[in-house]
Structures are given as C-alpha cells and as structure tokens.
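Undergrad: Submitted below is the structure of interest, expressed as structure tokens.
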Amino acid sequence: MRKLLFLFFLWPSLALSGQVSLSDLVRHTDIQEVKISPTGTHLAIKKLYEGERILVFMSINPLKITGHLRFRSKEEVGDFYWANNERIVTEVVSREAALETPIFYGSLFAINYDGTRGKNIFGHLAGERQVGSRLKKAESTYAHPTIIDTLPKEKNKILISTSPWAKDWETIGEILEVNIYNGVQKRITGLPQVGRAHTDRNGNLTFATGSNRNGERELYKKSKIGWEKLENSILNRSWPRGGNLETGDFYFEIDRPNDTEQLVKFNTKTNKLTQIFSHDISDISAVIYHPKSDKPIGVYLHPDYPEEYFFDEGNGFAAYFRGLKKAFEGYRINFTSFTSDGSLGILKVYGDRLPGDYFLANLKTKKVDFLL
C-alpha cells in the first residue's frame, strides 16, 4: 500500500484553477470523503484546502481532475450526493468563530463534475426574480432540507423533506421535488408532524418520523389516503433503515431505554415484528446495505474494536467483505459508495496510523485497485 502511494506522488501534477496541484489533492490528512458517480466514470472528493472544505472532481479512467467547487467567505462544502452521473448536490455549511463544527442553515448547491452550471437550488439564497415570464423560477425557502431520495429514475430531480426555521408547531414541513439544474420546486405532500419523511430509495414515500406538540416521538406510514399513524410503542422509538414496498418488509433501528439499540423487521401488510439483531454491550454504529438492492444485510459495531455482523449473506457480498477484511488485516474498512448497478464501489481502508487510503473495488471481478 505504501509503495502504491509513493508511486502516485510521482505522477505529473495537474492544475486545479492554477492553484491546487495533484500532490495537494492526495495528501492523506486532507481527504475526508470519496464517492463514485452512478455509472462509475467520476469521483467526487471532499477535502480540506487551506483550512476549508472543498469538492474536487476527477475522472477515473484516466485519473485526472475535471473540476472543483470552493465557496467564498465562511461557506464550505457539507454532505454531498451524486444526483445523476454529471451533477452533484451539496449542503452549504458556514463556519462560525465560536463553534468547532460548521452550521448548516439550509442551502443546497448543485454543480457539474466539470465545475460548470453551479447554482443555489434550495434555501434562502436560491430565489430568482420573476419578471415578465410564465416560466417557474427557483424560490427562496426558509427551511432545513434533508435529501431523502436522489430519484434514480428522474435524472434532473431530487426529493427533499423540509423542516421550517419557524418552530411554531403550525408550520410542520413538507416533501418537495426539486429540479437540480434550475431549483424549481414541486410540492408532493405535507408532513404529519414536525420531523422528516423517508422513502424506499426508489422515490416512494414510506414513513415519517418526528415528534408531536408534547415532544413525544411518533411514526407514520404513508398510505393511499395520506399519513397513517402507527400505534406501536416500540416502533415509535425507531428510525427507518430501508425496506421493500412489494413484500412489505421494512427494517427499523430501535432506541431501547437502558439497553443497546436493536434492529428489527416490520411487515406493513401483516404487522408482524421480527427481531433481527442486537448486541449485549454495543449500539449499532451503522447499517450495511447490499450494493445493488439497498437491502439491509448487516451492521457495524464498536464493542471494543470496530467489527461487522452480517445477518444476510447478500448473494456473496458478505463473503467478499470478509475476504477484504482478511486482505487488509489490521486495518478498518468500509464502502463509501457504489455505482447504481452495484458493480463498482469505493473502499476506504484506514486505521490508527492511516487516515485513509481509497480503492476502486470491482465486485464482479473481485479486483481492487488503489486510487488515492
């Protein structure tokens, strides 16, 4: 691994706006996250540059910089998502002098991987003046958005769930379809309470989680007639973790008072609740999803040292993951993202003395190539 990294530093440097060289880009401690595009042609890389979080875009074959995104003043790149194969949507966060962690005020910004067509598509900065035209324009919206679905079948839209700035319990948010090129919004429906909506990751609304006026947590299921409250004391303390509308099987992570978190499966057609996994001393750090179907198949844990538990072999993915763990023995591994067909993934390898190496994993050939 060290030899591969050394060879990478010997590559000719590629200019980024005449300021950032390739050697600056691949410095370990500066790279924070790497995600692959839906068809596997490009990478989006969040890194620190001169103390600021920026995005750098690279083609994979050949491996070269194609564009970047760097905000001005106090604004930086937050969480980011590939919305289609050419366009990335990122949260815009602001650095505040008294706070260590940047604050997200609700602005979403979209840009192509070649650095063009950058635009505020949601938030208080997204509004456009309407002058002598019937065409819809982007609106200024004073709310916090959560991207709940990148809508794989819709190449120019995403689905967001909003939480208004006003905390008056009268304005409780809504679900909006937002055009990632011009910021035009389309209202889908409202939320049943203060909180957020969830989908099956194929654009279909499934649940809404949040709290009522008394601060009590509630869970609603989306039905043909609207939102239906689920009267289940266990599920009220849960967080949806994916599922399948056809079978009715959905997974929930349960927050159990005075106990560790538990993963359960709930069938919306039969109302049957099945316990899937819990650990004696460790909460669930994250859920592991199948790279193609997005079905939950395992969990990450941290009892003493990070480990994984698979409750579903995932058509061979679990065995492949175990093989990678053995190949990178002594290090931690996880996948940051996959292509839409599940054939390629970005593997992060890291440890106490290794901030993070990134590899391109081919899940069909089982080949792993060093990237950054």
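Ordered as shown in the structure tokens, chains take letters A, B, and onward, while each chain numbers its residues from 1 and ligands are numbered from 1 in the order shown.
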Determine, counting only C-alpha atoms, which protein, DNA and RNA residues have an atom within 12 Å of an atom of His302 in chain A; residues of the same chain fewer than 4 positions away are not included. Present the result as a list of chain:residue names.
TA: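 After dropping sequence-adjacent residues, the list is A:Thr260, A:His279, A:Asp280, A:Ile281, A:Ser282, A:Asp283, A:Ile284, A:Ser285, A:Ala286, A:Pro306, A:Glu307, A:Glu308, A:Tyr309, A:Arg332.
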Undergrad: Among the residues of range 189-289 of chain A, find those DSSP assigns to strand (DSSP E) from the backbone and print them as a PyMOL selection string.
TA: chain A and resi 189-190+194-199+205-211+217-223+226-229+238-243+249-254+262-267+273-278+284-289
Undergrad: If we count only C-alpha atoms, what is near Glu75 in chain A at a cut-off of 9 Å, once residues fewer than 5 positions away on the same chain are taken out, given as a ChimeraX atom specification?
TA: /A:52-53,70,92-95,102
Undergrad: For range 137-189 of chain A against range 202-222 of chain A, with a cut-off of 12 Å and counting only C-alpha atoms, what is the closest atom pair and its distance in Å to one decimal for every residue that makes the cut, ordered by chain and number, as JSON lines?
TA:
{"residue": "A:Ile147", "atom": "CA", "partner": "A:Gly203", "partner_atom": "CA", "distance": 11.4}
{"residue": "A:Ile148", "atom": "CA", "partner": "A:Gly203", "partner_atom": "CA", "distance": 8.7}
{"residue": "A:Asp149", "atom": "CA", "partner": "A:Gly203", "partner_atom": "CA", "distance": 6.1}
{"residue": "A:Thr150", "atom": "CA", "partner": "A:Gly203", "partner_atom": "CA", "distance": 7.8}
{"residue": "A:Leu151", "atom": "CA", "partner": "A:Gly203", "partner_atom": "CA", "distance": 5.4}
{"residue": "A:Pro152", "atom": "CA", "partner": "A:Asn202", "partner_atom": "CA", "distance": 6.9}
{"residue": "A:Lys153", "atom": "CA", "partner": "A:Asn202", "partner_atom": "CA", "distance": 7.8}
{"residue": "A:Glu154", "atom": "CA", "partner": "A:Gly203", "partner_atom": "CA", "distance": 9.0}
{"residue": "A:Lys157", "atom": "CA", "partner": "A:Gly203", "partner_atom": "CA", "distance": 10.5}
{"residue": "A:Ile158", "atom": "CA", "partner": "A:Gly203", "partner_atom": "CA", "distance": 8.8}
{"residue": "A:Leu159", "atom": "CA", "partner": "A:Gly203", "partner_atom": "CA", "distance": 7.5}
{"residue": "A:Ile160", "atom": "CA", "partner": "A:Gly203", "partner_atom": "CA", "distance": 10.5}
{"residue": "A:Ser161", "atom": "CA", "partner": "A:Ala208", "partner_atom": "CA", "distance": 9.7}
{"residue": "A:Thr162", "atom": "CA", "partner": "A:Ala208", "partner_atom": "CA", "distance": 11.7}
{"residue": "A:Ser163", "atom": "CA", "partner": "A:Gly210", "partner_atom": "CA", "distance": 10.6}
{"residue": "A:Lys167", "atom": "CA", "partner": "A:Arg213", "partner_atom": "CA", "distance": 10.6}
{"residue": "A:Asp168", "atom": "CA", "partner": "A:Arg213", "partner_atom": "CA", "distance": 9.6}
{"residue": "A:Trp169", "atom": "CA", "partner": "A:Arg213", "partner_atom": "CA", "distance": 6.7}
{"residue": "A:Glu170", "atom": "CA", "partner": "A:Arg213", "partner_atom": "CA", "distance": 9.7}
{"residue": "A:Thr171", "atom": "CA", "partner": "A:Arg213", "partner_atom": "CA", "distance": 11.9}
{"residue": "A:Ile172", "atom": "CA", "partner": "A:Gly210", "partner_atom": "CA", "distance": 10.0}
{"residue": "A:Gly173", "atom": "CA", "partner": "A:Gly210", "partner_atom": "CA", "distance": 11.0}
{"residue": "A:Glu174", "atom": "CA", "partner": "A:Ala208", "partner_atom": "CA", "distance": 10.6}
{"residue": "A:Ile175", "atom": "CA", "partner": "A:Leu205", "partner_atom": "CA", "distance": 9.3}
{"residue": "A:Leu176", "atom": "CA", "partner": "A:Leu205", "partner_atom": "CA", "distance": 11.5}
{"residue": "A:Glu177", "atom": "CA", "partner": "A:Gly203", "partner_atom": "CA", "distance": 10.1}
{"residue": "A:Ile188", "atom": "CA", "partner": "A:Leu205", "partner_atom": "CA", "distance": 9.9}
{"residue": "A:Thr189", "atom": "CA", "partner": "A:Leu205", "partner_atom": "CA", "distance": 9.9}
Undergrad: Report, in Å with one decimal, the straight-line distance from CA of Ala44 in chain A to CA of Met58 in chain A.
TA: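 Atom-to-atom, CA of Ala44 in chain A and CA of Met58 in chain A are spaced 6.7 Å apart.
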Undergrad: Taking into account only C-alpha atoms, which residue in the set A:Tyr142, A:Tyr113, A:Phe252, A:Phe80 is nearest to Leu43 in chain A?
TA: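 Nearest candidate to Leu43 in chain A out of A:Tyr142, A:Tyr113, A:Phe252, A:Phe80: A:Tyr113.
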Undergrad: How many Å lie between CA of Thr39 in chain A and CA of Tyr81 in chain A, rounded to one decimal?
TA: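 Those two atoms sit 13.8 Å apart.
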Undergrad: Write out as number ranges by chain which residues come within 10 Å of Asn362 in chain A when counting only C-alpha atoms, dropping same-chain ones fewer than 6 positions away.
TA: A: 338, 342-346, 368-369
